[in-house]
file target.pdb (PDB, C-alpha atoms and all ligand atoms)
MODEL        1
ATOM      1  CA  MET A   1       8.790  55.713 140.818  1.00  0.00           C
ATOM      2  CA  ALA A   2      12.248  57.197 141.052  1.00  0.00           C
ATOM      3  CA  ALA A   3      13.821  57.797 144.434  1.00  0.00           C
ATOM      4  CA  GLU A   4      14.357  61.354 145.632  1.00  0.00           C
ATOM      5  CA  ILE A   5      17.788  62.018 147.092  1.00  0.00           C
ATOM      6  CA  ARG A   6      18.786  65.006 149.213  1.00  0.00           C
ATOM      7  CA  LEU A   7      22.266  65.865 150.445  1.00  0.00           C
ATOM      8  CA  PHE A   8      23.302  68.432 153.013  1.00  0.00           C
ATOM      9  CA  PRO A   9      26.335  69.202 155.176  1.00  0.00           C
ATOM     10  CA  CYS A  10      26.795  67.665 158.634  1.00  0.00           C
ATOM     11  CA  LEU A  11      29.546  68.206 161.230  1.00  0.00           C
ATOM     12  CA  THR A  12      32.673  69.783 159.662  1.00  0.00           C
ATOM     13  CA  ASP A  13      32.868  68.076 156.291  1.00  0.00           C
ATOM     14  CA  ASN A  14      30.493  65.089 156.338  1.00  0.00           C
ATOM     15  CA  PHE A  15      27.530  64.707 154.013  1.00  0.00           C
ATOM     16  CA  GLY A  16      24.070  63.835 155.260  1.00  0.00           C
ATOM     17  CA  TYR A  17      21.915  61.917 152.794  1.00  0.00           C
ATOM     18  CA  LEU A  18      18.208  61.191 152.638  1.00  0.00           C
ATOM     19  CA  ILE A  19      16.749  58.810 150.078  1.00  0.00           C
ATOM     20  CA  HIS A  20      12.960  58.885 149.788  1.00  0.00           C
ATOM     21  CA  ASP A  21      10.520  56.516 148.111  1.00  0.00           C
ATOM     22  CA  PRO A  22       7.572  58.614 146.868  1.00  0.00           C
ATOM     23  CA  ALA A  23       5.438  55.489 146.340  1.00  0.00           C
ATOM     24  CA  THR A  24       5.449  54.394 149.987  1.00  0.00           C
ATOM     25  CA  GLY A  25       6.718  57.469 151.818  1.00  0.00           C
ATOM     26  CA  ALA A  26       9.651  55.508 153.235  1.00  0.00           C
ATOM     27  CA  THR A  27      12.781  57.561 153.843  1.00  0.00           C
ATOM     28  CA  ALA A  28      16.261  56.397 154.758  1.00  0.00           C
ATOM     29  CA  SER A  29      19.180  58.371 156.081  1.00  0.00           C
ATOM     30  CA  VAL A  30      22.456  56.953 154.820  1.00  0.00           C
ATOM     31  CA  ASP A  31      24.598  57.203 157.946  1.00  0.00           C
ATOM     32  CA  ALA A  32      23.771  59.665 160.699  1.00  0.00           C
ATOM     33  CA  PRO A  33      26.688  62.009 161.406  1.00  0.00           C
ATOM     34  CA  GLU A  34      24.515  64.135 163.730  1.00  0.00           C
ATOM     35  CA  ALA A  35      20.776  64.297 164.320  1.00  0.00           C
ATOM     36  CA  ALA A  36      19.943  68.027 164.009  1.00  0.00           C
ATOM     37  CA  PRO A  37      20.629  68.653 160.298  1.00  0.00           C
ATOM     38  CA  ILE A  38      18.969  65.340 159.399  1.00  0.00           C
ATOM     39  CA  ILE A  39      15.832  66.266 161.351  1.00  0.00           C
ATOM     40  CA  LYS A  40      15.875  69.691 159.701  1.00  0.00           C
ATOM     41  CA  ALA A  41      16.110  68.178 156.223  1.00  0.00           C
ATOM     42  CA  LEU A  42      13.280  65.732 156.991  1.00  0.00           C
ATOM     43  CA  GLU A  43      11.049  68.552 158.256  1.00  0.00           C
ATOM     44  CA  ARG A  44      11.859  70.722 155.240  1.00  0.00           C
ATOM     45  CA  GLU A  45      10.656  67.906 152.948  1.00  0.00           C
ATOM     46  CA  GLY A  46       7.779  66.725 155.140  1.00  0.00           C
ATOM     47  CA  TRP A  47       9.288  63.244 155.272  1.00  0.00           C
ATOM     48  CA  THR A  48       9.366  60.779 158.184  1.00  0.00           C
ATOM     49  CA  LEU A  49      12.484  58.743 158.801  1.00  0.00           C
ATOM     50  CA  THR A  50      11.843  54.999 158.468  1.00  0.00           C
ATOM     51  CA  ASP A  51      15.382  53.636 158.151  1.00  0.00           C
ATOM     52  CA  ILE A  52      19.004  54.443 158.850  1.00  0.00           C
ATOM     53  CA  LEU A  53      21.519  52.651 156.648  1.00  0.00           C
ATOM     54  CA  ILE A  54      24.887  52.675 158.400  1.00  0.00           C
ATOM     55  CA  THR A  55      28.100  52.133 156.467  1.00  0.00           C
ATOM     56  CA  HIS A  56      30.653  51.755 159.267  1.00  0.00           C
ATOM     57  CA  HIS A  57      31.203  52.313 162.955  1.00  0.00           C
ATOM     58  CA  HIS A  58      33.100  55.620 162.971  1.00  0.00           C
ATOM     59  CA  HIS A  59      31.513  58.228 165.184  1.00  0.00           C
ATOM     60  CA  ASP A  60      31.065  60.768 162.379  1.00  0.00           C
ATOM     61  CA  HIS A  61      28.740  58.236 160.696  1.00  0.00           C
ATOM     62  CA  VAL A  62      26.741  56.959 163.679  1.00  0.00           C
ATOM     63  CA  GLY A  63      26.738  59.904 166.122  1.00  0.00           C
ATOM     64  CA  GLY A  64      23.091  60.777 165.372  1.00  0.00           C
ATOM     65  CA  VAL A  65      21.639  57.268 165.433  1.00  0.00           C
ATOM     66  CA  ALA A  66      20.428  57.097 169.048  1.00  0.00           C
ATOM     67  CA  GLU A  67      18.562  60.417 168.909  1.00  0.00           C
ATOM     68  CA  LEU A  68      16.993  59.689 165.509  1.00  0.00           C
ATOM     69  CA  LYS A  69      15.883  56.230 166.606  1.00  0.00           C
ATOM     70  CA  ARG A  70      14.283  57.665 169.751  1.00  0.00           C
ATOM     71  CA  LYS A  71      12.441  60.316 167.750  1.00  0.00           C
ATOM     72  CA  TYR A  72      11.259  58.284 164.730  1.00  0.00           C
ATOM     73  CA  LYS A  73      11.341  54.675 165.983  1.00  0.00           C
ATOM     74  CA  CYS A  74      13.093  53.928 162.701  1.00  0.00           C
ATOM     75  CA  ARG A  75      14.851  50.714 161.758  1.00  0.00           C
ATOM     76  CA  VAL A  76      18.635  50.772 161.994  1.00  0.00           C
ATOM     77  CA  VAL A  77      20.546  48.699 159.441  1.00  0.00           C
ATOM     78  CA  ALA A  78      24.271  48.177 159.978  1.00  0.00           C
ATOM     79  CA  PRO A  79      27.135  45.953 158.918  1.00  0.00           C
ATOM     80  CA  HIS A  80      27.943  42.689 160.605  1.00  0.00           C
ATOM     81  CA  ASP A  81      30.374  43.719 163.257  1.00  0.00           C
ATOM     82  CA  LYS A  82      31.722  41.177 165.717  1.00  0.00           C
ATOM     83  CA  SER A  83      32.963  43.886 168.038  1.00  0.00           C
ATOM     84  CA  ALA A  84      29.403  45.340 168.159  1.00  0.00           C
ATOM     85  CA  LYS A  85      30.675  48.895 168.095  1.00  0.00           C
ATOM     86  CA  ILE A  86      27.388  50.163 166.663  1.00  0.00           C
ATOM     87  CA  ALA A  87      24.495  50.320 169.120  1.00  0.00           C
ATOM     88  CA  ASP A  88      20.712  50.310 168.504  1.00  0.00           C
ATOM     89  CA  VAL A  89      20.926  48.015 165.462  1.00  0.00           C
ATOM     90  CA  ASP A  90      17.807  46.178 164.216  1.00  0.00           C
ATOM     91  CA  LEU A  91      19.223  44.435 161.154  1.00  0.00           C
ATOM     92  CA  ARG A  92      22.772  43.296 160.387  1.00  0.00           C
ATOM     93  CA  THR A  93      23.639  43.054 156.738  1.00  0.00           C
ATOM     94  CA  GLY A  94      26.492  41.979 154.466  1.00  0.00           C
ATOM     95  CA  GLN A  95      27.690  41.220 150.937  1.00  0.00           C
ATOM     96  CA  GLY A  96      24.891  40.357 148.526  1.00  0.00           C
ATOM     97  CA  ASP A  97      22.017  41.248 150.864  1.00  0.00           C
ATOM     98  CA  VAL A  98      19.258  43.484 149.572  1.00  0.00           C
ATOM     99  CA  VAL A  99      17.834  46.013 152.017  1.00  0.00           C
ATOM    100  CA  LYS A 100      14.413  47.478 151.223  1.00  0.00           C
ATOM    101  CA  VAL A 101      13.494  51.083 151.935  1.00  0.00           C
ATOM    102  CA  GLY A 102       9.800  51.079 151.061  1.00  0.00           C
ATOM    103  CA  ASN A 103       9.912  49.780 147.498  1.00  0.00           C
ATOM    104  CA  LEU A 104      13.490  50.923 146.939  1.00  0.00           C
ATOM    105  CA  MET A 105      16.116  48.198 146.927  1.00  0.00           C
ATOM    106  CA  ALA A 106      19.654  48.721 148.185  1.00  0.00           C
ATOM    107  CA  ARG A 107      22.221  46.084 147.353  1.00  0.00           C
ATOM    108  CA  VAL A 108      24.951  45.712 149.973  1.00  0.00           C
ATOM    109  CA  LEU A 109      28.615  45.476 148.993  1.00  0.00           C
ATOM    110  CA  GLU A 110      31.227  44.755 151.626  1.00  0.00           C
ATOM    111  CA  THR A 111      33.998  47.287 151.050  1.00  0.00           C
ATOM    112  CA  PRO A 112      36.486  46.801 153.909  1.00  0.00           C
ATOM    113  CA  GLY A 113      39.770  48.664 154.281  1.00  0.00           C
ATOM    114  CA  HIS A 114      38.937  52.044 155.840  1.00  0.00           C
ATOM    115  CA  THR A 115      37.365  49.915 158.583  1.00  0.00           C
ATOM    116  CA  LEU A 116      36.864  46.163 158.520  1.00  0.00           C
ATOM    117  CA  ASP A 117      33.088  46.538 158.818  1.00  0.00           C
ATOM    118  CA  HIS A 118      32.638  49.086 156.012  1.00  0.00           C
ATOM    119  CA  ILE A 119      29.766  48.409 153.605  1.00  0.00           C
ATOM    120  CA  SER A 120      28.429  50.395 150.649  1.00  0.00           C
ATOM    121  CA  TYR A 121      24.817  50.605 149.470  1.00  0.00           C
ATOM    122  CA  VAL A 122      23.913  50.424 145.762  1.00  0.00           C
ATOM    123  CA  PHE A 123      20.447  51.506 144.599  1.00  0.00           C
ATOM    124  CA  ASP A 124      20.605  49.936 141.133  1.00  0.00           C
ATOM    125  CA  ALA A 125      17.254  51.218 139.870  1.00  0.00           C
ATOM    126  CA  ASP A 126      18.276  54.765 140.750  1.00  0.00           C
ATOM    127  CA  LYS A 127      21.912  54.332 139.694  1.00  0.00           C
ATOM    128  CA  ALA A 128      23.122  55.605 143.059  1.00  0.00           C
ATOM    129  CA  LEU A 129      26.143  54.399 145.029  1.00  0.00           C
ATOM    130  CA  PHE A 130      26.577  55.389 148.665  1.00  0.00           C
ATOM    131  CA  ALA A 131      30.238  54.621 149.314  1.00  0.00           C
ATOM    132  CA  ALA A 132      30.823  56.625 152.533  1.00  0.00           C
ATOM    133  CA  ASP A 133      34.539  56.508 153.414  1.00  0.00           C
ATOM    134  CA  THR A 134      35.640  53.864 150.909  1.00  0.00           C
ATOM    135  CA  LEU A 135      35.529  55.963 147.742  1.00  0.00           C
ATOM    136  CA  PHE A 136      35.612  59.750 147.688  1.00  0.00           C
ATOM    137  CA  SER A 137      35.513  61.925 144.610  1.00  0.00           C
ATOM    138  CA  ILE A 138      39.133  61.908 143.344  1.00  0.00           C
ATOM    139  CA  GLY A 139      40.164  60.148 146.536  1.00  0.00           C
ATOM    140  CA  CYS A 140      39.549  57.239 148.860  1.00  0.00           C
ATOM    141  CA  GLY A 141      39.353  56.674 152.582  1.00  0.00           C
ATOM    142  CA  ARG A 142      42.373  56.239 154.784  1.00  0.00           C
ATOM    143  CA  VAL A 143      43.176  52.602 155.446  1.00  0.00           C
ATOM    144  CA  PHE A 144      42.754  52.385 159.222  1.00  0.00           C
ATOM    145  CA  GLU A 145      41.754  48.789 159.956  1.00  0.00           C
ATOM    146  CA  GLY A 146      42.431  46.876 156.765  1.00  0.00           C
ATOM    147  CA  ASN A 147      45.474  46.698 154.537  1.00  0.00           C
ATOM    148  CA  TYR A 148      46.217  47.990 151.055  1.00  0.00           C
ATOM    149  CA  PRO A 149      45.297  44.842 149.069  1.00  0.00           C
ATOM    150  CA  LEU A 150      41.979  44.654 150.946  1.00  0.00           C
ATOM    151  CA  MET A 151      41.153  48.315 150.247  1.00  0.00           C
ATOM    152  CA  TRP A 152      42.247  48.047 146.612  1.00  0.00           C
ATOM    153  CA  ASN A 153      39.942  45.051 146.209  1.00  0.00           C
ATOM    154  CA  SER A 154      37.067  47.082 147.679  1.00  0.00           C
ATOM    155  CA  LEU A 155      37.760  49.908 145.228  1.00  0.00           C
ATOM    156  CA  LEU A 156      37.705  47.377 142.373  1.00  0.00           C
ATOM    157  CA  LYS A 157      34.243  46.262 143.495  1.00  0.00           C
ATOM    158  CA  LEU A 158      33.005  49.850 143.237  1.00  0.00           C
ATOM    159  CA  ARG A 159      34.852  50.472 139.969  1.00  0.00           C
ATOM    160  CA  ALA A 160      32.953  47.532 138.457  1.00  0.00           C
ATOM    161  CA  LEU A 161      29.673  49.465 138.736  1.00  0.00           C
ATOM    162  CA  PRO A 162      28.383  51.182 135.556  1.00  0.00           C
ATOM    163  CA  ASP A 163      29.717  54.564 134.418  1.00  0.00           C
ATOM    164  CA  ASP A 164      26.335  56.279 134.681  1.00  0.00           C
ATOM    165  CA  PHE A 165      25.972  55.521 138.403  1.00  0.00           C
ATOM    166  CA  LYS A 166      26.278  58.524 140.700  1.00  0.00           C
ATOM    167  CA  LEU A 167      28.736  58.491 143.585  1.00  0.00           C
ATOM    168  CA  TYR A 168      27.517  59.825 146.934  1.00  0.00           C
ATOM    169  CA  CYS A 169      30.460  59.736 149.349  1.00  0.00           C
ATOM    170  CA  GLY A 170      30.921  60.449 153.036  1.00  0.00           C
ATOM    171  CA  HIS A 171      32.914  63.662 153.008  1.00  0.00           C
ATOM    172  CA  GLU A 172      33.496  66.886 151.075  1.00  0.00           C
ATOM    173  CA  TYR A 173      37.202  66.261 150.524  1.00  0.00           C
ATOM    174  CA  THR A 174      37.250  66.748 146.769  1.00  0.00           C
ATOM    175  CA  ALA A 175      39.341  69.936 146.563  1.00  0.00           C
ATOM    176  CA  ALA A 176      42.180  68.469 148.652  1.00  0.00           C
ATOM    177  CA  ASN A 177      41.948  65.209 146.716  1.00  0.00           C
ATOM    178  CA  VAL A 178      42.255  67.038 143.392  1.00  0.00           C
ATOM    179  CA  LYS A 179      45.314  68.900 144.633  1.00  0.00           C
ATOM    180  CA  PHE A 180      47.010  65.625 145.529  1.00  0.00           C
ATOM    181  CA  ALA A 181      45.917  63.752 142.374  1.00  0.00           C
ATOM    182  CA  LEU A 182      47.438  66.469 140.181  1.00  0.00           C
ATOM    183  CA  THR A 183      50.848  65.755 141.755  1.00  0.00           C
ATOM    184  CA  ILE A 184      50.608  62.196 140.363  1.00  0.00           C
ATOM    185  CA  GLU A 185      48.796  62.830 137.066  1.00  0.00           C
ATOM    186  CA  PRO A 186      49.377  66.476 136.089  1.00  0.00           C
ATOM    187  CA  ASP A 187      48.470  65.756 132.453  1.00  0.00           C
ATOM    188  CA  ASN A 188      45.274  63.758 133.020  1.00  0.00           C
ATOM    189  CA  ALA A 189      42.669  65.702 130.989  1.00  0.00           C
ATOM    190  CA  ALA A 190      39.676  64.320 132.921  1.00  0.00           C
ATOM    191  CA  LEU A 191      41.346  65.271 136.205  1.00  0.00           C
ATOM    192  CA  LYS A 192      42.129  68.777 134.975  1.00  0.00           C
ATOM    193  CA  ALA A 193      38.502  69.203 133.898  1.00  0.00           C
ATOM    194  CA  ARG A 194      37.323  68.003 137.304  1.00  0.00           C
ATOM    195  CA  ALA A 195      39.791  70.370 139.012  1.00  0.00           C
ATOM    196  CA  ALA A 196      38.263  73.343 137.170  1.00  0.00           C
ATOM    197  CA  GLU A 197      34.746  72.181 138.016  1.00  0.00           C
ATOM    198  CA  VAL A 198      35.620  71.704 141.711  1.00  0.00           C
ATOM    199  CA  THR A 199      37.207  75.159 141.919  1.00  0.00           C
ATOM    200  CA  ARG A 200      34.042  76.688 140.463  1.00  0.00           C
ATOM    201  CA  LEU A 201      31.673  74.697 142.728  1.00  0.00           C
ATOM    202  CA  ARG A 202      33.619  75.464 145.902  1.00  0.00           C
ATOM    203  CA  ALA A 203      33.846  79.168 145.007  1.00  0.00           C
ATOM    204  CA  GLU A 204      30.029  79.117 144.850  1.00  0.00           C
ATOM    205  CA  ASN A 205      29.946  77.173 148.122  1.00  0.00           C
ATOM    206  CA  LYS A 206      28.247  74.231 146.373  1.00  0.00           C
ATOM    207  CA  PRO A 207      28.913  70.531 147.041  1.00  0.00           C
ATOM    208  CA  THR A 208      31.095  68.634 144.559  1.00  0.00           C
ATOM    209  CA  ILE A 209      28.837  65.593 145.036  1.00  0.00           C
ATOM    210  CA  PRO A 210      27.271  63.664 143.390  1.00  0.00           C
ATOM    211  CA  THR A 211      29.675  62.826 140.621  1.00  0.00           C
ATOM    212  CA  LEU A 212      29.500  60.174 137.914  1.00  0.00           C
ATOM    213  CA  LEU A 213      31.380  56.933 138.440  1.00  0.00           C
ATOM    214  CA  GLY A 214      32.500  57.035 134.800  1.00  0.00           C
ATOM    215  CA  GLU A 215      34.237  60.355 135.464  1.00  0.00           C
ATOM    216  CA  GLU A 216      35.835  58.983 138.631  1.00  0.00           C
ATOM    217  CA  LYS A 217      37.249  56.046 136.681  1.00  0.00           C
ATOM    218  CA  LYS A 218      39.014  58.525 134.398  1.00  0.00           C
ATOM    219  CA  ALA A 219      40.084  61.108 136.975  1.00  0.00           C
ATOM    220  CA  ASN A 220      40.444  59.411 140.384  1.00  0.00           C
ATOM    221  CA  VAL A 221      44.046  58.247 140.700  1.00  0.00           C
ATOM    222  CA  PHE A 222      43.136  55.769 143.459  1.00  0.00           C
ATOM    223  CA  LEU A 223      40.901  53.902 140.979  1.00  0.00           C
ATOM    224  CA  ARG A 224      43.758  53.975 138.470  1.00  0.00           C
ATOM    225  CA  ALA A 225      46.523  52.211 140.416  1.00  0.00           C
ATOM    226  CA  ASP A 226      46.575  49.475 137.748  1.00  0.00           C
ATOM    227  CA  GLN A 227      47.263  51.973 134.942  1.00  0.00           C
ATOM    228  CA  PRO A 228      50.879  51.619 133.743  1.00  0.00           C
ATOM    229  CA  SER A 229      51.167  55.424 133.536  1.00  0.00           C
ATOM    230  CA  VAL A 230      50.233  55.783 137.215  1.00  0.00           C
ATOM    231  CA  ALA A 231      52.679  53.056 138.271  1.00  0.00           C
ATOM    232  CA  ALA A 232      55.378  54.782 136.222  1.00  0.00           C
ATOM    233  CA  SER A 233      54.708  58.150 137.819  1.00  0.00           C
ATOM    234  CA  VAL A 234      55.473  56.689 141.281  1.00  0.00           C
ATOM    235  CA  ARG A 235      58.388  54.639 139.871  1.00  0.00           C
ATOM    236  CA  MET A 236      56.723  51.274 140.552  1.00  0.00           C
ATOM    237  CA  LYS A 237      56.444  49.920 137.027  1.00  0.00           C
ATOM    238  CA  ASP A 238      56.754  46.230 137.820  1.00  0.00           C
ATOM    239  CA  ARG A 239      54.800  46.182 141.043  1.00  0.00           C
ATOM    240  CA  SER A 240      51.257  44.991 141.705  1.00  0.00           C
ATOM    241  CA  ALA A 241      48.311  47.367 141.520  1.00  0.00           C
ATOM    242  CA  ALA A 242      47.774  46.902 145.262  1.00  0.00           C
ATOM    243  CA  ASP A 243      51.386  47.988 145.907  1.00  0.00           C
ATOM    244  CA  VAL A 244      50.963  51.044 143.682  1.00  0.00           C
ATOM    245  CA  PHE A 245      47.692  51.814 145.446  1.00  0.00           C
ATOM    246  CA  GLY A 246      49.474  51.543 148.824  1.00  0.00           C
ATOM    247  CA  GLU A 247      52.178  53.953 147.678  1.00  0.00           C
ATOM    248  CA  LEU A 248      49.545  56.459 146.500  1.00  0.00           C
ATOM    249  CA  ARG A 249      47.712  56.190 149.814  1.00  0.00           C
ATOM    250  CA  GLU A 250      50.948  56.685 151.799  1.00  0.00           C
ATOM    251  CA  ARG A 251      51.838  59.752 149.760  1.00  0.00           C
ATOM    252  CA  LYS A 252      48.353  61.177 150.268  1.00  0.00           C
ATOM    253  CA  ASN A 253      48.636  60.583 154.036  1.00  0.00           C
ATOM    254  CA  LYS A 254      51.778  62.720 154.060  1.00  0.00           C
ATOM    255  CA  SER A 255      50.444  65.407 151.704  1.00  0.00           C
TER     256      SER A 255
HETATM  257 ZN    ZN B   1      35.109  56.767 158.604  1.00  0.00          ZN
HETATM  258 FE    FE B   2      33.944  59.594 157.940  1.00  0.00          FE
ENDMDL
END
call {"tool": "encode", "arguments": {"input": "target.pdb", "output": "structure tokens", "more": "lines below"}}
Ligand code: ZN
Ligand code: FE
result
Amino acid sequence: MAAEIRLFPCLTDNFGYLIHDPATGATASVDAPEAAPIIKALEREGWTLTDILITHHHHDHVGGVAELKRKYKCRVVAPHDKSAKIADVDLRTGQGDVVKVGNLMARVLETPGHTLDHISYVFDADKALFAADTLFSIGCGRVFEGNYPLMWNSLLKLRALPDDFKLYCGHEYTAANVKFALTIEPDNAALKARAAEVTRLRAENKPTIPTLLGEEKKANVFLRADQPSVAASVRMKDRSAADVFGELRERKNKS
């Protein structure tokens, strides 16, 4: 049976996500920015929280964990993290592990760069990627703890997933990302199409997520740092993709 996925806003611009297995009734929250909207979404659906799948230690992704765990006695799954910044963890997980939510299977990819502990969850059967703050629609996370080659390598891992997988990311940043991406690739047809779509969705106060990975590969400049045209547009023709990626990220930081 196919998983049911719900998304809803949390905090200022985070997404809350529930993924539900109708066969067993198991329900996971991917990250827990804050408890109240997650509890509300669970009650609206009549679901009980069985698992929390944490992607990284930032407060806007774990702030609701303690309250949710108290209320539902759910299992908390989190990345290996030597500094143990995430509390209340039941299971530590890393690259290549498979985490079960009822009968649903989430494959874990280590995607460091935004933080060193960042992991992403891939539900292959449901063609769903939860990439939190590694990959945004038309953007990527800031590189806080890692370095540019490390983050670029993480983006390559996500880019290797099939085109028909849906991207569920950590934040509603798409409009600002589109604005920046157009400064680098003003003639990218896929990006221009996405820009029009994002303008329409935001005008209707609708989320820009999920989006298809195949579309991101065509329109997201941060996944395109190894395209000669992108390197040329930042005058870095003979440099490595990781260097071009770093330049794009620096420019976005200042934008
Ligand atoms: Zn973060
Ligand atoms: Fe975040």
call {"tool": "resolve_selection", "arguments": {"input": "target.pdb", "expression": "the PyMOL selection byres (((chain A and resi 145) around 9) and not hetatm)", "output": "number ranges by chain"}}
result
A: 112-116, 143-144, 146-147
call {"tool": "residues_around", "arguments": {"input": "target.pdb", "residues": "region 231-241 of chain A", "least_positions_apart": "5", "cutoff": "9 Å", "atoms": "all atoms listed in the file", "output": "ChimeraX atom specification"}}
result
/A:149,152,184-185,224-226,246-248
call {"tool": "residues_around", "arguments": {"input": "target.pdb", "residues": "Thr93 (chain A)", "least_positions_apart": "5", "cutoff": "10 Å", "atoms": "all atoms listed in the file", "output": "VMD selection string"}}
result
chain A and resid 53 to 54 77 to 81 98 to 99 107 to 110 119
call {"tool": "residues_around", "arguments": {"input": "target.pdb", "residues": "Pro186 (chain A)", "least_positions_apart": "3", "cutoff": "12 Å", "atoms": "all atoms listed in the file", "output": "list in words"}}
result
Val178, Lys179, Phe180, Ala181, Leu182, Thr183, Ala189, Ala190, Leu191, Lys192, Ala193, Ala195, Ala219, Val221, Ser229, Val230 and Ser233 of chain A
call {"tool": "atom_distance", "arguments": {"input": "target.pdb", "atom1": "CA of Ala36 (chain A)", "atom2": "CA of Pro22 (chain A)"}}
result
23.1 Å
call {"tool": "resolve_selection", "arguments": {"input": "target.pdb", "expression": "the PyMOL selection byres (((not hetatm)) within 7 of (chain B and resi 1))", "output": "compact mmCIF listing (two decimals) with C-alpha atoms, in the coordinates of the input"}}
result
# COMPACT_ATOMS: atom_id res chain seq x y z
CA HIS A 56 30.65 51.76 159.27
CA HIS A 58 33.10 55.62 162.97
CA ASP A 60 31.06 60.77 162.38
CA HIS A 61 28.74 58.24 160.70
CA HIS A 114 38.94 52.04 155.84
CA ASP A 133 34.54 56.51 153.41
call {"tool": "closest_residue", "arguments": {"input": "target.pdb", "among": "A:Pro162, A:Pro37, A:Pro228, A:Gly141", "to": "ligand FE 2 (chain B)", "atoms": "only C-alpha atoms and all ligand atoms"}}
result
A:Gly141
call {"tool": "atom_distance", "arguments": {"input": "target.pdb", "atom1": "CA of Leu167 (chain A)", "atom2": "CA of Ser29 (chain A)"}}
result
15.7 Å
call {"tool": "atom_distance", "arguments": {"input": "target.pdb", "atom1": "CA of Ala242 (chain A)", "atom2": "CA of Leu156 (chain A)"}}
result
10.5 Å
call {"tool": "decode", "arguments": {"input": "target.pdb", "residues": "region 222-227 of chain A", "atoms": "all heavy atoms", "output": "PDB file, in the first residue's frame"}}
result
ATOM      1  N   PHE A 222      22.295  25.013  -8.193  1.00  0.00           N
ATOM      2  CA  PHE A 222      23.242  24.361  -7.279  1.00  0.00           C
ATOM      3  C   PHE A 222      23.462  22.891  -7.624  1.00  0.00           C
ATOM      4  O   PHE A 222      24.451  22.295  -7.196  1.00  0.00           O
ATOM      5  CB  PHE A 222      22.774  24.510  -5.826  1.00  0.00           C
ATOM      6  CG  PHE A 222      22.822  25.930  -5.350  1.00  0.00           C
ATOM      7  CD1 PHE A 222      21.684  26.718  -5.356  1.00  0.00           C
ATOM      8  CD2 PHE A 222      24.014  26.494  -4.928  1.00  0.00           C
ATOM      9  CE1 PHE A 222      21.723  28.038  -4.941  1.00  0.00           C
ATOM     10  CE2 PHE A 222      24.071  27.812  -4.508  1.00  0.00           C
ATOM     11  CZ  PHE A 222      22.922  28.589  -4.519  1.00  0.00           C
ATOM     12  N   LEU A 223      22.550  22.292  -8.373  1.00  0.00           N
ATOM     13  CA  LEU A 223      22.757  20.921  -8.879  1.00  0.00           C
ATOM     14  C   LEU A 223      23.447  20.940 -10.233  1.00  0.00           C
ATOM     15  O   LEU A 223      23.693  19.899 -10.820  1.00  0.00           O
ATOM     16  CB  LEU A 223      21.409  20.193  -9.015  1.00  0.00           C
ATOM     17  CG  LEU A 223      20.655  19.872  -7.730  1.00  0.00           C
ATOM     18  CD1 LEU A 223      19.341  19.159  -8.061  1.00  0.00           C
ATOM     19  CD2 LEU A 223      21.499  19.013  -6.802  1.00  0.00           C
ATOM     20  N   ARG A 224      23.745  22.137 -10.736  1.00  0.00           N
ATOM     21  CA  ARG A 224      24.245  22.296 -12.099  1.00  0.00           C
ATOM     22  C   ARG A 224      25.640  22.927 -12.129  1.00  0.00           C
ATOM     23  O   ARG A 224      26.069  23.458 -13.144  1.00  0.00           O
ATOM     24  CB  ARG A 224      23.245  23.148 -12.897  1.00  0.00           C
ATOM     25  CG  ARG A 224      21.884  22.463 -13.056  1.00  0.00           C
ATOM     26  CD  ARG A 224      20.784  23.383 -13.568  1.00  0.00           C
ATOM     27  NE  ARG A 224      21.173  24.147 -14.729  1.00  0.00           N
ATOM     28  CZ  ARG A 224      21.248  23.654 -15.967  1.00  0.00           C
ATOM     29  NH1 ARG A 224      20.921  22.398 -16.183  1.00  0.00           N
ATOM     30  NH2 ARG A 224      21.640  24.410 -16.967  1.00  0.00           N
ATOM     31  N   ALA A 225      26.341  22.856 -10.987  1.00  0.00           N
ATOM     32  CA  ALA A 225      27.659  23.500 -10.903  1.00  0.00           C
ATOM     33  C   ALA A 225      28.677  22.852 -11.832  1.00  0.00           C
ATOM     34  O   ALA A 225      29.730  23.434 -12.102  1.00  0.00           O
ATOM     35  CB  ALA A 225      28.164  23.464  -9.455  1.00  0.00           C
ATOM     36  N   ASP A 226      28.388  21.641 -12.322  1.00  0.00           N
ATOM     37  CA  ASP A 226      29.308  20.997 -13.273  1.00  0.00           C
ATOM     38  C   ASP A 226      28.891  21.211 -14.729  1.00  0.00           C
ATOM     39  O   ASP A 226      29.457  20.607 -15.630  1.00  0.00           O
ATOM     40  CB  ASP A 226      29.463  19.501 -12.958  1.00  0.00           C
ATOM     41  CG  ASP A 226      28.134  18.758 -12.875  1.00  0.00           C
ATOM     42  OD1 ASP A 226      27.060  19.409 -12.974  1.00  0.00           O
ATOM     43  OD2 ASP A 226      28.163  17.526 -12.711  1.00  0.00           O
ATOM     44  N   GLN A 227      27.912  22.075 -14.961  1.00  0.00           N
ATOM     45  CA  GLN A 227      27.534  22.448 -16.329  1.00  0.00           C
ATOM     46  C   GLN A 227      28.491  23.541 -16.812  1.00  0.00           C
ATOM     47  O   GLN A 227      28.635  24.574 -16.133  1.00  0.00           O
ATOM     48  CB  GLN A 227      26.104  23.016 -16.355  1.00  0.00           C
ATOM     49  CG  GLN A 227      25.016  22.000 -16.101  1.00  0.00           C
ATOM     50  CD  GLN A 227      24.788  21.101 -17.302  1.00  0.00           C
ATOM     51  OE1 GLN A 227      24.783  21.565 -18.439  1.00  0.00           O
ATOM     52  NE2 GLN A 227      24.638  19.808 -17.052  1.00  0.00           N
TER      53      GLN A 227
END
